[in-house]
Amino acid sequence: MIYGVLLSIPGKFVNKYEEEVRKTIGYGIARGDIISFTEARYKGDVAFVMLARSNRAAERIANELKELPINVKVIEIEGES
């Protein structure tokens, strides 16, 4: 099972919260919770997709970010080995 965190910052909040989100991602990488991440910008909105090492790690990152007025969702991707 692969776990991840999807995050979207609406355009009106980008200037205020983007740096805080980046800090949280950086701390997650330093702890080993986040394996990798990527970002995209579209019409002023900013989105991040992060791969987490476990469901617990994904939930931890999501809980740290849920206090902000942004969209956060934990996902799990089933795969065959």
# chains A, B, ... in the order shown; residues from 1 in each chain; ligands from 1
>>> residues_around(residues="segment 1-5 of chain A", least_positions_apart="6", cutoff="12 Å", atoms="only C-alpha atoms", output="ChimeraX atom specification")
/A:25,28,33-39,47-66,71-81
>>> select_by_dssp(residues="chain A", states="alpha helix (DSSP H)", output="list in words")
Val14, Asn15, Lys16, Tyr17, Glu18, Glu19, Glu20, Val21, Arg22, Lys23, Thr24, Ile25, Gly26, Tyr27, Gly28, Ile29, Ala30, Arg31, Asn55, Arg56, Ala57, Ala58, Glu59, Arg60, Ile61, Ala62, Asn63, Glu64 and Leu65 of chain A
>>> write_last_selection(atoms="N, CA, C and O atoms", output="compact mmCIF listing (two decimals), in the first residue's frame")
# COMPACT_ATOMS: atom_id res chain seq x y z
N VAL A 14 -2.59 31.81 -0.98
CA VAL A 14 -1.23 31.40 -1.35
C VAL A 14 -0.18 32.27 -0.67
O VAL A 14 0.76 31.76 -0.04
N ASN A 15 -0.31 33.59 -0.78
CA ASN A 15 0.70 34.48 -0.19
C ASN A 15 0.83 34.29 1.31
O ASN A 15 1.92 34.41 1.87
N LYS A 16 -0.26 34.01 1.97
CA LYS A 16 -0.27 33.92 3.43
C LYS A 16 0.24 32.57 3.96
O LYS A 16 0.92 32.52 4.98
N TYR A 17 -0.08 31.46 3.27
CA TYR A 17 0.17 30.14 3.83
C TYR A 17 1.18 29.27 3.08
O TYR A 17 1.57 28.24 3.61
N GLU A 18 1.62 29.67 1.91
CA GLU A 18 2.54 28.81 1.14
C GLU A 18 3.84 28.54 1.90
O GLU A 18 4.32 27.40 1.95
N GLU A 19 4.42 29.54 2.51
CA GLU A 19 5.68 29.36 3.24
C GLU A 19 5.50 28.42 4.44
O GLU A 19 6.36 27.58 4.71
N GLU A 20 4.39 28.54 5.14
CA GLU A 20 4.13 27.66 6.28
C GLU A 20 3.96 26.21 5.83
O GLU A 20 4.45 25.28 6.49
N VAL A 21 3.29 26.00 4.70
CA VAL A 21 3.13 24.65 4.15
C VAL A 21 4.49 24.09 3.76
O VAL A 21 4.81 22.93 4.05
N ARG A 22 5.33 24.89 3.14
CA ARG A 22 6.68 24.44 2.76
C ARG A 22 7.51 24.05 3.98
O ARG A 22 8.27 23.09 3.95
N LYS A 23 7.38 24.80 5.07
CA LYS A 23 8.10 24.46 6.30
C LYS A 23 7.63 23.11 6.84
O LYS A 23 8.44 22.28 7.25
N THR A 24 6.33 22.90 6.84
CA THR A 24 5.78 21.63 7.32
C THR A 24 6.27 20.48 6.46
O THR A 24 6.63 19.42 6.99
N ILE A 25 6.31 20.66 5.15
CA ILE A 25 6.82 19.63 4.25
C ILE A 25 8.30 19.37 4.55
O ILE A 25 8.75 18.22 4.62
N GLY A 26 9.07 20.43 4.76
CA GLY A 26 10.49 20.28 5.08
C GLY A 26 10.71 19.51 6.37
O GLY A 26 11.58 18.63 6.44
N TYR A 27 9.92 19.80 7.40
CA TYR A 27 10.03 19.07 8.65
C TYR A 27 9.64 17.60 8.45
O TYR A 27 10.25 16.70 9.04
N GLY A 28 8.63 17.36 7.63
CA GLY A 28 8.22 15.99 7.33
C GLY A 28 9.31 15.20 6.62
O GLY A 28 9.53 14.03 6.90
N ILE A 29 10.02 15.86 5.70
CA ILE A 29 11.14 15.22 5.02
C ILE A 29 12.26 14.93 6.02
O ILE A 29 12.85 13.84 6.02
N ALA A 30 12.56 15.90 6.88
CA ALA A 30 13.62 15.73 7.87
C ALA A 30 13.31 14.58 8.84
O ALA A 30 14.22 13.84 9.23
N ARG A 31 12.04 14.40 9.21
CA ARG A 31 11.64 13.30 10.10
C ARG A 31 11.61 11.97 9.38
O ARG A 31 11.53 10.93 10.00
N ASN A 55 0.83 5.10 6.56
CA ASN A 55 -0.44 5.77 6.80
C ASN A 55 -0.32 6.72 7.99
O ASN A 55 -0.84 7.84 7.97
N ARG A 56 0.37 6.28 9.02
CA ARG A 56 0.55 7.12 10.22
C ARG A 56 1.30 8.40 9.87
O ARG A 56 0.95 9.48 10.36
N ALA A 57 2.33 8.30 9.04
CA ALA A 57 3.10 9.48 8.64
C ALA A 57 2.22 10.43 7.82
O ALA A 57 2.27 11.65 8.01
N ALA A 58 1.41 9.88 6.91
CA ALA A 58 0.52 10.72 6.11
C ALA A 58 -0.50 11.43 6.99
O ALA A 58 -0.76 12.62 6.81
N GLU A 59 -1.06 10.71 7.96
CA GLU A 59 -2.02 11.31 8.88
C GLU A 59 -1.38 12.40 9.72
O GLU A 59 -1.99 13.44 9.98
N ARG A 60 -0.13 12.19 10.14
CA ARG A 60 0.57 13.19 10.95
C ARG A 60 0.74 14.49 10.16
O ARG A 60 0.47 15.58 10.67
N ILE A 61 1.18 14.38 8.91
CA ILE A 61 1.36 15.57 8.07
C ILE A 61 0.01 16.25 7.84
O ILE A 61 -0.11 17.48 7.95
N ALA A 62 -1.01 15.48 7.52
CA ALA A 62 -2.33 16.05 7.28
C ALA A 62 -2.86 16.77 8.51
O ALA A 62 -3.42 17.87 8.40
N ASN A 63 -2.66 16.19 9.69
CA ASN A 63 -3.14 16.84 10.92
C ASN A 63 -2.40 18.14 11.19
O ASN A 63 -3.00 19.09 11.70
N GLU A 64 -1.11 18.20 10.86
CA GLU A 64 -0.36 19.44 11.04
C GLU A 64 -0.88 20.54 10.11
O GLU A 64 -0.84 21.71 10.45
N LEU A 65 -1.37 20.14 8.94
CA LEU A 65 -1.82 21.12 7.95
C LEU A 65 -3.31 21.43 8.02
O LEU A 65 -3.75 22.44 7.48
>>> residues_around(residues="Pro10 of chain A", least_positions_apart="6", cutoff="10 Å", atoms="only C-alpha atoms", output="list of chain:residue names")
A:Tyr17, A:Tyr42, A:Lys43, A:Gly44, A:Asp45, A:Val46, A:Ala47, A:Pro69, A:Ile70, A:Asn71
>>> write_last_selection(atoms="N, CA and C atoms", output="PDB file, in the first residue's frame")
ATOM      1  N   TYR A  17      -0.082  31.461   3.268  1.00  0.00           N
ATOM      2  CA  TYR A  17       0.167  30.142   3.834  1.00  0.00           C
ATOM      3  C   TYR A  17       1.178  29.275   3.082  1.00  0.00           C
ATOM      4  N   TYR A  42      -1.663  26.545 -10.862  1.00  0.00           N
ATOM      5  CA  TYR A  42      -2.646  26.706 -11.925  1.00  0.00           C
ATOM      6  C   TYR A  42      -3.600  27.821 -11.537  1.00  0.00           C
ATOM      7  N   LYS A  43      -3.658  28.860 -12.349  1.00  0.00           N
ATOM      8  CA  LYS A  43      -4.555  30.000 -12.149  1.00  0.00           C
ATOM      9  C   LYS A  43      -4.498  30.555 -10.724  1.00  0.00           C
ATOM     10  N   GLY A  44      -3.301  30.667 -10.179  1.00  0.00           N
ATOM     11  CA  GLY A  44      -3.134  31.246  -8.857  1.00  0.00           C
ATOM     12  C   GLY A  44      -3.161  30.257  -7.706  1.00  0.00           C
ATOM     13  N   ASP A  45      -3.733  29.079  -7.919  1.00  0.00           N
ATOM     14  CA  ASP A  45      -3.757  28.052  -6.871  1.00  0.00           C
ATOM     15  C   ASP A  45      -2.434  27.296  -6.875  1.00  0.00           C
ATOM     16  N   VAL A  46      -2.085  26.733  -5.735  1.00  0.00           N
ATOM     17  CA  VAL A  46      -0.888  25.904  -5.618  1.00  0.00           C
ATOM     18  C   VAL A  46      -1.307  24.561  -5.041  1.00  0.00           C
ATOM     19  N   ALA A  47      -0.814  23.477  -5.641  1.00  0.00           N
ATOM     20  CA  ALA A  47      -1.127  22.128  -5.167  1.00  0.00           C
ATOM     21  C   ALA A  47       0.160  21.366  -4.891  1.00  0.00           C
ATOM     22  N   PRO A  69      -6.469  27.129   6.551  1.00  0.00           N
ATOM     23  CA  PRO A  69      -7.648  27.143   5.662  1.00  0.00           C
ATOM     24  C   PRO A  69      -7.293  26.681   4.243  1.00  0.00           C
ATOM     25  N   ILE A  70      -6.807  25.439   4.155  1.00  0.00           N
ATOM     26  CA  ILE A  70      -6.433  24.855   2.866  1.00  0.00           C
ATOM     27  C   ILE A  70      -7.077  23.482   2.763  1.00  0.00           C
ATOM     28  N   ASN A  71      -7.076  22.912   1.581  1.00  0.00           N
ATOM     29  CA  ASN A  71      -7.683  21.601   1.361  1.00  0.00           C
ATOM     30  C   ASN A  71      -6.611  20.524   1.511  1.00  0.00           C
TER      31      ASN A  71
END
>>> select_by_dssp(residues="chain A", states="strand (DSSP E)", output="number ranges by chain")
A: 2-9, 34-42, 45-52, 71-77
